Structure formats: structure tokens, C-alpha cells
file query.csv (CSV, C-alpha atoms)
chain,number,residue,atom,x,y,z
O,1,MET,CA,148.1,-32.9,182.6
O,2,LYS,CA,150.1,-29.8,181.6
O,3,GLN,CA,153.4,-29.0,183.3
O,4,ASN,CA,155.8,-26.1,183.2
O,5,GLN,CA,158.9,-27.3,181.4
O,6,ASN,CA,161.1,-25.0,183.5
O,7,VAL,CA,160.4,-26.8,186.7
O,8,VAL,CA,159.4,-30.3,187.9
O,9,ALA,CA,155.7,-29.9,188.7
O,10,CYS,CA,154.4,-31.8,191.8
O,11,PHE,CA,150.7,-32.1,192.3
O,12,PRO,CA,148.9,-32.8,195.6
O,13,ALA,CA,149.0,-36.5,195.1
O,14,THR,CA,152.4,-36.8,193.4
O,15,LYS,CA,154.7,-39.6,194.5
O,16,ILE,CA,158.3,-39.3,193.6
O,17,TYR,CA,160.1,-42.6,193.0
O,18,ILE,CA,163.9,-42.3,193.1
O,19,PHE,CA,165.7,-45.2,191.4
O,20,CYS,CA,168.9,-46.3,193.1
O,21,PRO,CA,171.2,-49.3,192.8
O,22,ALA,CA,171.0,-51.6,195.8
O,23,GLY,CA,173.9,-52.3,198.1
O,24,TYR,CA,176.4,-49.6,197.0
O,25,ALA,CA,178.2,-47.3,199.4
O,26,THR,CA,179.4,-44.7,196.8
O,27,GLY,CA,178.8,-41.1,196.0
O,28,GLY,CA,175.9,-41.6,193.5
O,29,PRO,CA,173.6,-43.7,195.8
O,30,GLU,CA,174.3,-41.3,198.7
O,31,ALA,CA,173.3,-38.3,196.6
O,32,LEU,CA,170.1,-40.1,195.5
O,33,HIS,CA,169.2,-40.7,199.2
O,34,GLN,CA,170.1,-37.1,200.1
O,35,LEU,CA,167.6,-36.0,197.4
O,36,GLY,CA,164.9,-38.3,198.8
O,37,ALA,CA,165.4,-37.2,202.4
O,38,GLN,CA,165.4,-33.5,201.5
O,39,LEU,CA,162.3,-33.8,199.3
O,40,ASN,CA,160.4,-35.3,202.2
O,41,LEU,CA,161.6,-32.7,204.6
O,42,LEU,CA,160.2,-30.1,202.2
O,43,GLY,CA,156.8,-31.8,202.3
O,44,PHE,CA,157.0,-33.8,199.1
O,45,ASP,CA,156.2,-37.6,199.0
O,46,ALA,CA,159.5,-39.3,197.9
O,47,TYR,CA,160.4,-43.0,198.0
O,48,MET,CA,163.5,-45.0,197.2
O,49,HIS,CA,163.0,-47.7,194.5
O,50,TYR,CA,166.0,-50.1,194.5
O,51,TYR,CA,167.0,-52.0,191.5
O,52,ALA,CA,169.3,-55.0,191.4
O,53,THR,CA,172.7,-55.0,189.8
O,54,PRO,CA,175.2,-57.9,189.4
O,55,ASP,CA,177.0,-56.8,192.5
O,56,SER,CA,174.0,-55.8,194.6
O,57,GLY,CA,174.1,-56.3,198.3
O,58,ASP,CA,171.8,-55.1,201.0
O,59,VAL,CA,170.2,-51.6,201.1
O,60,LEU,CA,171.2,-50.7,204.6
O,61,ASN,CA,174.0,-48.3,203.9
O,62,TYR,CA,171.8,-45.2,203.9
O,63,GLN,CA,169.1,-46.0,206.4
O,64,LYS,CA,170.1,-42.9,208.3
O,65,TYR,CA,168.4,-40.8,205.6
O,66,ASN,CA,165.1,-42.5,206.5
O,67,VAL,CA,163.6,-42.4,203.0
O,68,PRO,CA,160.7,-44.9,202.7
O,69,ILE,CA,161.0,-47.7,200.1
O,70,ALA,CA,158.5,-48.4,197.3
O,71,ASP,CA,158.9,-51.8,195.7
O,72,VAL,CA,156.0,-51.2,193.2
O,73,LEU,CA,155.4,-48.0,191.2
O,74,GLU,CA,152.0,-46.7,190.4
O,75,ASN,CA,151.8,-45.9,186.7
O,76,SER,CA,150.2,-42.5,186.7
O,77,GLU,CA,151.0,-39.2,185.1
O,78,ARG,CA,150.6,-37.6,188.5
O,79,HIS,CA,153.8,-39.3,189.7
O,80,LEU,CA,157.5,-38.9,188.9
O,81,MET,CA,160.4,-41.3,188.6
O,82,ILE,CA,163.9,-40.0,188.9
O,83,LEU,CA,166.6,-42.0,187.2
O,84,PRO,CA,170.4,-41.7,187.5
O,85,GLU,CA,172.0,-41.4,184.1
O,86,THR,CA,173.5,-44.9,184.4
O,87,HIS,CA,170.0,-46.6,184.6
O,88,LEU,CA,167.8,-45.4,181.8
O,89,GLN,CA,166.2,-48.6,180.5
O,90,PRO,CA,163.0,-48.0,182.7
O,91,LEU,CA,162.3,-45.1,180.3
O,92,PHE,CA,161.1,-47.7,177.9
O,93,ASP,CA,159.1,-50.0,180.2
O,94,ALA,CA,155.5,-50.5,179.2
O,95,ASP,CA,154.4,-50.6,182.9
O,96,LYS,CA,155.8,-47.1,183.4
O,97,ASN,CA,154.5,-45.5,180.2
O,98,ARG,CA,152.4,-42.9,181.9
O,99,ILE,CA,154.6,-41.9,184.8
O,100,ARG,CA,156.7,-38.7,184.2
O,101,LYS,CA,160.4,-39.3,183.7
O,102,VAL,CA,163.3,-37.3,185.2
O,103,ILE,CA,167.0,-37.9,184.8
O,104,TRP,CA,169.5,-36.6,187.4
O,105,TRP,CA,172.8,-36.4,185.6
O,106,LEU,CA,175.3,-37.3,188.4
O,107,SER,CA,178.0,-38.2,185.9
O,108,VAL,CA,178.4,-37.5,182.2
O,109,VAL,CA,181.1,-40.2,181.6
O,110,ASN,CA,179.1,-43.0,183.3
O,111,TYR,CA,176.2,-42.3,181.0
O,112,HIS,CA,178.4,-42.8,177.9
O,113,ILE,CA,180.0,-45.9,179.3
O,114,THR,CA,176.6,-47.5,180.1
O,115,GLN,CA,175.1,-46.6,176.7
O,116,GLN,CA,178.1,-48.0,174.9
O,117,SER,CA,177.8,-51.2,176.8
O,118,ILE,CA,174.1,-51.5,175.7
O,119,ILE,CA,175.0,-50.7,172.1
O,120,ASP,CA,177.8,-53.3,172.2
O,121,GLY,CA,175.3,-55.9,173.4
O,122,LEU,CA,173.0,-55.2,170.5
O,123,LYS,CA,175.6,-55.1,167.6
O,124,HIS,CA,175.1,-58.7,166.8
O,125,LYS,CA,171.4,-58.1,165.9
O,126,LYS,CA,170.5,-58.3,162.2
O,127,PHE,CA,170.6,-55.0,160.4
O,128,PHE,CA,171.7,-53.3,163.6
O,129,LYS,CA,172.8,-50.0,162.1
O,130,LEU,CA,169.7,-49.5,160.0
O,131,ARG,CA,167.3,-50.5,162.9
O,132,ALA,CA,169.2,-48.3,165.3
O,133,TYR,CA,169.0,-45.4,162.9
O,134,PHE,CA,165.2,-45.7,162.9
O,135,GLY,CA,165.1,-46.0,166.7
O,136,ARG,CA,164.0,-49.6,166.8
O,137,PHE,CA,166.1,-50.3,169.8
O,138,ASN,CA,165.6,-49.0,173.3
O,139,ILE,CA,168.8,-46.9,173.4
O,140,ALA,CA,168.6,-43.7,175.4
O,141,SER,CA,170.4,-41.5,173.0
O,142,PHE,CA,170.3,-37.7,173.3
O,143,LYS,CA,168.1,-37.6,170.2
O,144,LYS,CA,165.6,-40.1,171.7
O,145,LEU,CA,165.6,-38.3,175.1
O,146,ARG,CA,164.7,-35.0,173.3
O,147,ARG,CA,161.9,-36.7,171.5
O,148,MET,CA,160.5,-38.4,174.6
O,149,GLY,CA,160.3,-35.1,176.5
O,150,VAL,CA,162.3,-36.4,179.5
O,151,ILE,CA,162.9,-33.8,182.2
O,152,ASN,CA,166.6,-33.4,182.9
O,153,ILE,CA,168.4,-32.1,186.0
O,154,SER,CA,172.2,-31.5,185.9
O,155,HIS,CA,174.4,-32.2,188.9
O,156,SER,CA,177.4,-30.2,188.0
O,157,TYR,CA,178.0,-27.2,185.7
O,158,TYR,CA,180.0,-29.6,183.6
O,159,SER,CA,177.0,-31.9,183.0
O,160,GLN,CA,174.8,-28.8,182.3
O,161,VAL,CA,177.2,-27.7,179.6
O,162,HIS,CA,177.4,-31.2,178.2
O,163,LEU,CA,173.6,-31.5,178.0
O,164,GLU,CA,173.2,-28.1,176.3
O,165,GLU,CA,175.8,-29.1,173.7
O,166,HIS,CA,173.5,-32.0,172.8
O,167,GLY,CA,170.4,-29.9,172.6
O,168,ILE,CA,169.0,-30.6,176.1
O,169,LYS,CA,168.2,-27.8,178.5
O,170,PRO,CA,168.1,-28.9,182.1
O,171,VAL,CA,165.3,-27.5,184.3
O,172,GLY,CA,167.9,-26.8,186.9
O,173,ARG,CA,171.1,-27.9,188.7
O,174,ILE,CA,171.1,-29.8,192.0
O,175,SER,CA,174.4,-30.9,193.5
O,176,ASP,CA,174.8,-33.2,196.5
O,177,TYR,CA,176.6,-32.3,199.7
O,178,MET,CA,179.3,-33.7,201.9
O,179,ASN,CA,178.3,-36.2,204.6
O,180,SER,CA,178.2,-34.4,207.9
O,181,ALA,CA,180.3,-37.3,209.4
O,182,PHE,CA,183.3,-36.1,207.4
O,183,PHE,CA,183.1,-32.6,208.9
O,184,ASP,CA,183.3,-34.1,212.3
O,185,GLN,CA,186.8,-35.4,211.5
O,186,VAL,CA,188.3,-32.0,210.6
O,187,ASN,CA,191.0,-31.2,213.1
O,188,GLU,CA,192.4,-27.7,212.7
O,189,THR,CA,194.9,-28.3,215.5
O,190,THR,CA,196.7,-31.0,213.6
O,191,ALA,CA,200.1,-29.7,212.4
O,192,LYS,CA,200.5,-29.6,208.6
O,193,GLU,CA,203.3,-31.6,207.1
O,194,ASN,CA,205.1,-31.5,203.7
O,195,LEU,CA,202.8,-34.3,202.4
O,196,VAL,CA,201.4,-34.4,198.8
O,197,ILE,CA,198.4,-36.6,198.7
O,198,TYR,CA,196.7,-38.0,195.5
O,199,ASN,CA,194.3,-40.7,194.4
O,200,PRO,CA,196.2,-43.3,192.4
O,201,THR,CA,193.1,-44.8,190.8
O,202,LYS,CA,192.2,-41.4,189.2
O,203,ASN,CA,195.7,-40.4,187.9
O,204,ASP,CA,197.9,-41.8,185.2
O,205,ALA,CA,201.4,-41.6,183.7
O,206,PHE,CA,201.3,-37.8,183.7
O,207,LEU,CA,201.3,-37.6,187.5
O,208,ASP,CA,203.8,-40.5,187.6
O,209,GLU,CA,206.2,-38.4,185.6
O,210,ILE,CA,205.8,-35.4,187.9
O,211,MET,CA,206.5,-37.7,190.9
O,212,SER,CA,209.6,-39.2,189.2
O,213,LEU,CA,210.9,-35.7,188.8
O,214,THR,CA,210.4,-34.8,192.5
O,215,PRO,CA,212.0,-37.7,194.4
O,216,THR,CA,212.7,-35.6,197.5
O,217,LEU,CA,209.0,-34.9,198.0
O,218,THR,CA,206.7,-37.1,200.1
O,219,TRP,CA,203.9,-38.4,198.0
O,220,VAL,CA,201.1,-40.3,199.8
O,221,PRO,CA,198.5,-42.3,197.8
O,222,ILE,CA,195.0,-42.3,199.3
O,223,LYS,CA,194.4,-46.0,198.8
O,224,ASN,CA,193.3,-48.9,201.0
O,225,MET,CA,192.6,-46.6,203.9
O,226,THR,CA,189.7,-46.6,206.3
O,227,PRO,CA,187.6,-43.3,206.4
O,228,SER,CA,189.4,-42.3,209.7
O,229,GLN,CA,192.8,-42.9,208.1
O,230,VAL,CA,191.8,-40.8,205.1
O,231,ALA,CA,190.8,-38.0,207.4
O,232,ASN,CA,194.0,-38.3,209.4
O,233,THR,CA,196.1,-38.1,206.3
O,234,MET,CA,194.3,-35.2,204.9
O,235,ASN,CA,194.4,-33.3,208.1
O,236,ARG,CA,198.2,-33.6,208.0
O,237,ALA,CA,198.8,-33.0,204.3
O,238,LYS,CA,199.5,-29.6,202.8
O,239,LEU,CA,198.7,-30.4,199.2
O,240,TYR,CA,196.2,-32.4,197.2
O,241,ILE,CA,197.0,-33.0,193.5
O,242,ASP,CA,194.6,-34.5,191.0
O,243,PHE,CA,195.1,-34.8,187.2
O,244,GLY,CA,192.4,-37.4,186.8
O,245,PHE,CA,189.1,-37.1,184.9
O,246,HIS,CA,186.3,-35.6,186.9
O,247,PRO,CA,182.9,-37.0,185.6
O,248,GLY,CA,181.1,-34.8,188.1
O,249,LYS,CA,181.7,-33.0,191.3
O,250,GLU,CA,184.1,-35.5,192.8
O,251,ARG,CA,184.2,-36.2,196.6
O,252,MET,CA,187.9,-36.5,197.2
O,253,PRO,CA,188.8,-33.0,196.1
O,254,ARG,CA,186.1,-31.6,198.3
O,255,GLU,CA,187.3,-33.7,201.2
O,256,ALA,CA,190.8,-32.4,200.7
O,257,CYS,CA,189.7,-28.8,200.6
O,258,ILE,CA,187.6,-29.2,203.7
O,259,MET,CA,190.7,-30.6,205.4
O,260,ARG,CA,192.7,-27.4,204.6
O,261,CYS,CA,194.8,-28.8,201.8
O,262,CYS,CA,196.0,-26.6,198.9
O,263,MET,CA,195.0,-28.0,195.6
O,264,ILE,CA,196.5,-28.5,192.1
O,265,VAL,CA,194.2,-30.0,189.5
O,266,GLY,CA,193.9,-30.7,185.8
O,267,LYS,CA,191.3,-29.4,183.4
O,268,SER,CA,189.4,-32.7,182.7
O,269,GLY,CA,185.7,-32.8,183.2
O,270,SER,CA,184.2,-30.7,186.0
O,271,ALA,CA,187.6,-29.7,187.3
O,272,ALA,CA,187.9,-27.3,184.4
O,273,TYR,CA,185.0,-25.2,185.6
O,274,LYS,CA,185.2,-22.6,188.3
O,275,GLU,CA,181.4,-23.1,188.9
O,276,ASP,CA,182.2,-26.7,190.0
O,277,MET,CA,185.6,-26.1,191.6
O,278,PRO,CA,186.0,-22.4,192.5
O,279,ILE,CA,189.8,-22.2,193.0
O,280,PRO,CA,192.2,-19.7,191.4
O,281,GLU,CA,193.2,-20.5,187.9
O,282,LYS,CA,196.9,-20.6,188.8
O,283,TYR,CA,196.2,-24.0,190.5
O,284,ARG,CA,194.5,-25.5,187.4
O,285,PHE,CA,196.7,-26.9,184.6
O,286,ASP,CA,196.3,-28.6,181.2
O,287,LYS,CA,198.0,-32.0,181.1
O,288,THR,CA,200.8,-31.1,178.8
O,289,LYS,CA,204.4,-32.1,179.1
O,290,GLU,CA,205.5,-28.5,178.5
O,291,LEU,CA,203.7,-27.4,181.7
O,292,ILE,CA,205.4,-29.9,184.0
O,293,PRO,CA,208.1,-27.5,185.2
O,294,GLN,CA,205.4,-24.9,186.1
O,295,ILE,CA,203.4,-27.6,187.9
O,296,ILE,CA,206.4,-28.7,189.9
O,297,HIS,CA,207.1,-25.0,190.8
O,298,ARG,CA,203.6,-24.6,192.0
O,299,VAL,CA,203.8,-27.8,194.0
O,300,LYS,CA,206.9,-26.6,195.9
O,301,GLU,CA,205.4,-23.2,196.3
O,302,CYS,CA,202.3,-24.7,198.0
O,303,LEU,CA,204.5,-26.7,200.4
O,304,ASN,CA,206.9,-23.8,201.2
O,305,ASN,CA,204.3,-21.1,201.5
O,306,TYR,CA,201.4,-23.1,202.7
O,307,ASP,CA,200.5,-20.6,205.5
O,308,THR,CA,200.0,-17.9,203.0
O,309,LEU,CA,198.5,-19.7,200.0
O,310,ILE,CA,195.9,-21.7,201.9
O,311,SER,CA,193.8,-18.6,202.0
O,312,ASP,CA,193.4,-18.9,198.2
O,313,PHE,CA,191.1,-21.9,198.9
O,314,SER,CA,189.0,-20.3,201.6
O,315,PRO,CA,186.1,-19.4,199.2
O,316,TYR,CA,185.8,-23.0,198.0
O,317,ARG,CA,186.0,-24.3,201.5
O,318,GLN,CA,183.3,-21.9,202.7
O,319,ALA,CA,181.1,-23.0,199.8
O,320,LEU,CA,181.6,-26.7,200.8
O,321,TYR,CA,180.4,-25.9,204.3
O,322,LEU,CA,177.2,-24.4,202.8
O,323,GLU,CA,176.5,-27.2,200.3
O,324,GLU,CA,173.7,-28.7,202.3
O,325,ARG,CA,171.9,-25.3,202.5
O,326,GLN,CA,172.4,-24.7,198.8
O,327,PHE,CA,171.1,-28.2,198.1
O,328,GLU,CA,167.8,-27.4,199.8
O,329,LYS,CA,167.6,-24.1,197.9
O,330,ASP,CA,168.2,-25.8,194.5
O,331,ILE,CA,165.6,-28.4,195.2
O,332,GLN,CA,163.0,-25.7,196.0
O,333,LYS,CA,163.8,-24.0,192.7
O,334,VAL,CA,163.4,-27.2,190.7
O,335,PHE,CA,160.6,-29.1,192.4
O,336,VAL,CA,157.5,-26.9,192.6
O,337,LYS,CA,154.1,-27.8,194.1
O,338,THR,CA,151.2,-26.9,191.9
call {"tool": "encode", "arguments": {"input": "query.csv", "output": "C-alpha cells"}}
result
Amino acid sequence: MKQNQNVVACFPATKIYIFCPAGYATGGPEALHQLGAQLNLLGFDAYMHYYATPDSGDVLNYQKYNVPIADVLENSERHLMILPETHLQPLFDADKNRIRKVIWWLSVVNYHITQQSIIDGLKHKKFFKLRAYFGRFNIASFKKLRRMGVINISHSYYSQVHLEEHGIKPVGRISDYMNSAFFDQVNETTAKENLVIYNPTKNDAFLDEIMSLTPTLTWVPIKNMTPSQVANTMNRAKLYIDFGFHPGKERMPREACIMRCCMIVGKSGSAAYKEDMPIPEKYRFDKTKELIPQIIHRVKECLNNYDTLISDFSPYRQALYLEERQFEKDIQKVFVKT
């Protein structure tokens, strides 16, 4: 059964099985459910296929997307299975040897973490290096993915660049979109305050030093908050700052922009690319000690001139409001009925 390598071909009887970890309420699983829901709205035949993990709970978090569940896969070349980059072992399953394989690269970093964990678990095997060199282990290296003819879809421009650097050309790019419930919490009548918000789990000593040099500013960590508390804090804040690594198109920066925050970010991962985060370059900095005075100047400028500078982020905010529409368009480019 021939297929155009520039699209994901779907035949009249094609079933699309989307692999998803069970019991997680995070960005990745939600994106996978959004994909399943949109495919079905467009007339495809998509199903969620849940797999267990050590921390698995129930699968009720995303019932609102109303994607049917398939517990058993039909092993036929007519069908497709879509895997997140963190769960690639099914590529090697004998009972799935005929079904066509697709990887949706939601996060570059998580792929490397997962593969390294698998490699670490195999290192005790006799003649590991030699056997690994000849491909005797089921390790989803870029070299092996190229040989297997796996179809790849990028999620961010960053993941697209990373794949191309490893000799893999994605058939297209499909990003997720912000949950509509978050837009409902935008309150443009809330008065903005001189608050600088940040995600303490994503940042490190670099931001700590900036904070230590600006003791008169009010820094508010987004931590241990309910969704409504996060929204309330973002509605009030003037500035969101993030020097953490962005393995993909992260949700918190998008939420902050929607809530009319100015933004200052680093250049790690997807944050470095205007295609993923279309903000003016003057708000994007390398994490170098020499630039800290400039960063602090920009922080104070955002707080003092908020009413003027917030317009610099209007194009990004507008794009975020159109994400769901763009999501549909991108799916239609990638998944093609034949």
C-alpha cells in the first residue's frame, strides 16, 4: 500500500489509534485528546489508546473531548498509530508490525530523557555497546527511526529544527491550542499591578540572582495555586519572566500572554524561535551574567511603561486566540484522505 511521504495518508477504512498515558492532567495528554477530537470532527476515525504508567490513574480528565477508546488495535497497514515521543517501544511490538507508525514530537527533551533511561536499563547486558551498535536492542534512536520509515510530525518549530538536524524531515507541524476554559477567566477590567510572575520549577540560579538584585520589586511565584488563583494572579500582573528551558510550546507563557502580561524570556529551546513565540527580540535574552543589568532595565521598563509596551505582545496574543483554528488547518494539511 503506497503512501505519499509528504502527508499522512488515510484510506476509507483507516482507523487512527492515538497512544496516551492514562490518568495524567498535563499538556501532552490534553494535546493528544485535542488531536483525536479534531480528527473525528473532520471525518476521520480516531481513537484513544491508553497505556499504563507507574503513576497511572483514571482516564476521566479529558472526557469532554469525547474521543472513543480502543483497547485493542487491529494490526493492518490500513491503520495508523500515533505515538508521543516519550512512548516509542510499541514501534517494535510484533503484534503491531503492519500498522503504520507516526510520532508526534510534543517535546524534544522528554524524548532524550526517555531514551537515556532505556539505555541505562540495558547497559548491564553483555556486550552492550557492540550489540547496540548493530541495532540488536529496541532503542528508538534517530538512526533506527530513519531506517524504519516512521512518519514524523513536529509540534513546535524547535522540534522541527531538531528533527531536521538529525536527518528526519517531518511531514508537517501541528501545535495544540489553549483550553477554552482558560480564555473564560480573562478579565480585562482587572487593574494591573507591579507584579512580576514566574514559574519557580522552570527557573534556576540565574533568575535567583536577578531577583536578589531587585529586592524592591514584587516577585510572585506561580506555585501551589488552583487554576482560578493562577488566572487571578496573571490578570493582575504586568510582567511574566521565564529563563527556563522550553522543550516545546509551553503553556504558562501562553497563558501569561493571554492574560495581558508583558514577557521576558531566555533563549533555551522553543523560546529562542520567533515561530514558536512571536515576541520582539528585545524581550529575549541569553542567560549570561553580563546581560543581567540589561535584563533588569527591561524588567523595570515593562513595569513603568506597561500601558505602552503591552502592545508589543498583541501579535502573539492574537495568534494564541487563533490557535484552535490554526490547529484544524494544520491537521487538514497533514492528514489527507485518499
call {"tool": "closest_atom_pairs", "arguments": {"input": "query.csv", "of": "stretch 134-236 of chain O", "to": "stretch 319-325 of chain O", "cutoff": "9 Å", "atoms": "all atoms listed in the file", "output": "JSON lines"}}
result
{"residue": "O:Ser175", "atom": "CA", "partner": "O:Glu323", "partner_atom": "CA", "distance": 8.0}
{"residue": "O:Asp176", "atom": "CA", "partner": "O:Glu323", "partner_atom": "CA", "distance": 7.3}
{"residue": "O:Tyr177", "atom": "CA", "partner": "O:Glu323", "partner_atom": "CA", "distance": 5.1}
{"residue": "O:Met178", "atom": "CA", "partner": "O:Glu323", "partner_atom": "CA", "distance": 7.3}
{"residue": "O:Phe183", "atom": "CA", "partner": "O:Tyr321", "partner_atom": "CA", "distance": 8.6}
call {"tool": "closest_residue", "arguments": {"input": "query.csv", "among": "O:Met225, O:Cys10, O:Leu303, O:Ile99", "to": "O:Asn194", "atoms": "all atoms listed in the file"}}
result
O:Leu303
call {"tool": "atom_distance", "arguments": {"input": "query.csv", "atom1": "atom CA of O:Lys192", "atom2": "atom CA of O:Glu301"}}
result
14.7 Å
call {"tool": "residues_near_point", "arguments": {"input": "query.csv", "point": "(170.2, -41.5, 184.2)", "cutoff": "9 Å", "atoms": "only C-alpha atoms", "output": "tab-separated table (two decimals) with C-alpha atoms, keeping the file's coordinate frame"}}
result
chain	number	residue	atom	x	y	z
O	82	ILE	CA	163.90	-40.00	188.90
O	83	LEU	CA	166.60	-42.00	187.20
O	84	PRO	CA	170.40	-41.70	187.50
O	85	GLU	CA	172.00	-41.40	184.10
O	86	THR	CA	173.50	-44.90	184.40
O	87	HIS	CA	170.00	-46.60	184.60
O	88	LEU	CA	167.80	-45.40	181.80
O	89	GLN	CA	166.20	-48.60	180.50
O	102	VAL	CA	163.30	-37.30	185.20
O	103	ILE	CA	167.00	-37.90	184.80
O	104	TRP	CA	169.50	-36.60	187.40
O	105	TRP	CA	172.80	-36.40	185.60
O	106	LEU	CA	175.30	-37.30	188.40
O	107	SER	CA	178.00	-38.20	185.90
O	111	TYR	CA	176.20	-42.30	181.00
O	152	ASN	CA	166.60	-33.40	182.90
call {"tool": "atom_distance", "arguments": {"input": "query.csv", "atom1": "atom CA of O:Ile241", "atom2": "atom CA of O:Ser180"}}
result
23.7 Å
call {"tool": "atom_distance", "arguments": {"input": "query.csv", "atom1": "atom CA of O:Cys262", "atom2": "atom CA of O:Lys287"}}
result
18.7 Å
call {"tool": "closest_residue", "arguments": {"input": "query.csv", "among": "O:Asn110, O:Thr226, O:Asn304, O:Ser270", "to": "O:Ser159", "atoms": "only C-alpha atoms"}}
result
O:Ser270
call {"tool": "closest_atom_pairs", "arguments": {"input": "query.csv", "of": "stretch 201-300 of chain O", "to": "stretch 25-43 of chain O", "cutoff": "10 Å", "atoms": "only C-alpha atoms", "output": "Markdown table"}}
result
| residue | atom | partner | partner_atom | distance |
| --- | --- | --- | --- | --- |
| O:Lys249 | CA | O:Gly27 | CA | 9.8 |
| O:Glu250 | CA | O:Gly27 | CA | 8.3 |
| O:Arg251 | CA | O:Gly27 | CA | 7.3 |
call {"tool": "residues_near_point", "arguments": {"input": "query.csv", "point": "(196.0, -31.5, 198.9)", "cutoff": "8 Å", "atoms": "all atoms listed in the file", "output": "ChimeraX atom specification"}}
result
/O:196-198,234,237-241,253,256-257,260-264
call {"tool": "residues_around", "arguments": {"input": "query.csv", "residues": "O:Pro90", "least_positions_apart": "3", "cutoff": "10 Å", "atoms": "all atoms listed in the file", "output": "MDAnalysis selection string"}}
result
chainID O and resid 19 81 83 87 93:97 101 138
call {"tool": "closest_atom_pairs", "arguments": {"input": "query.csv", "of": "stretch 226-297 of chain O", "to": "stretch 199-221 of chain O", "cutoff": "8 Å", "atoms": "all atoms listed in the file", "output": "CSV"}}
result
residue,atom,partner,partner_atom,distance
O:Asp242,CA,O:Asn203,CA,6.8
O:Phe243,CA,O:Asn203,CA,5.7
O:Gly244,CA,O:Asn203,CA,4.6
O:Phe245,CA,O:Lys202,CA,6.8
O:Lys287,CA,O:Phe206,CA,7.2
O:Lys289,CA,O:Phe206,CA,8.0
O:Ile292,CA,O:Ile210,CA,6.8
O:Ile296,CA,O:Ile210,CA,7.0
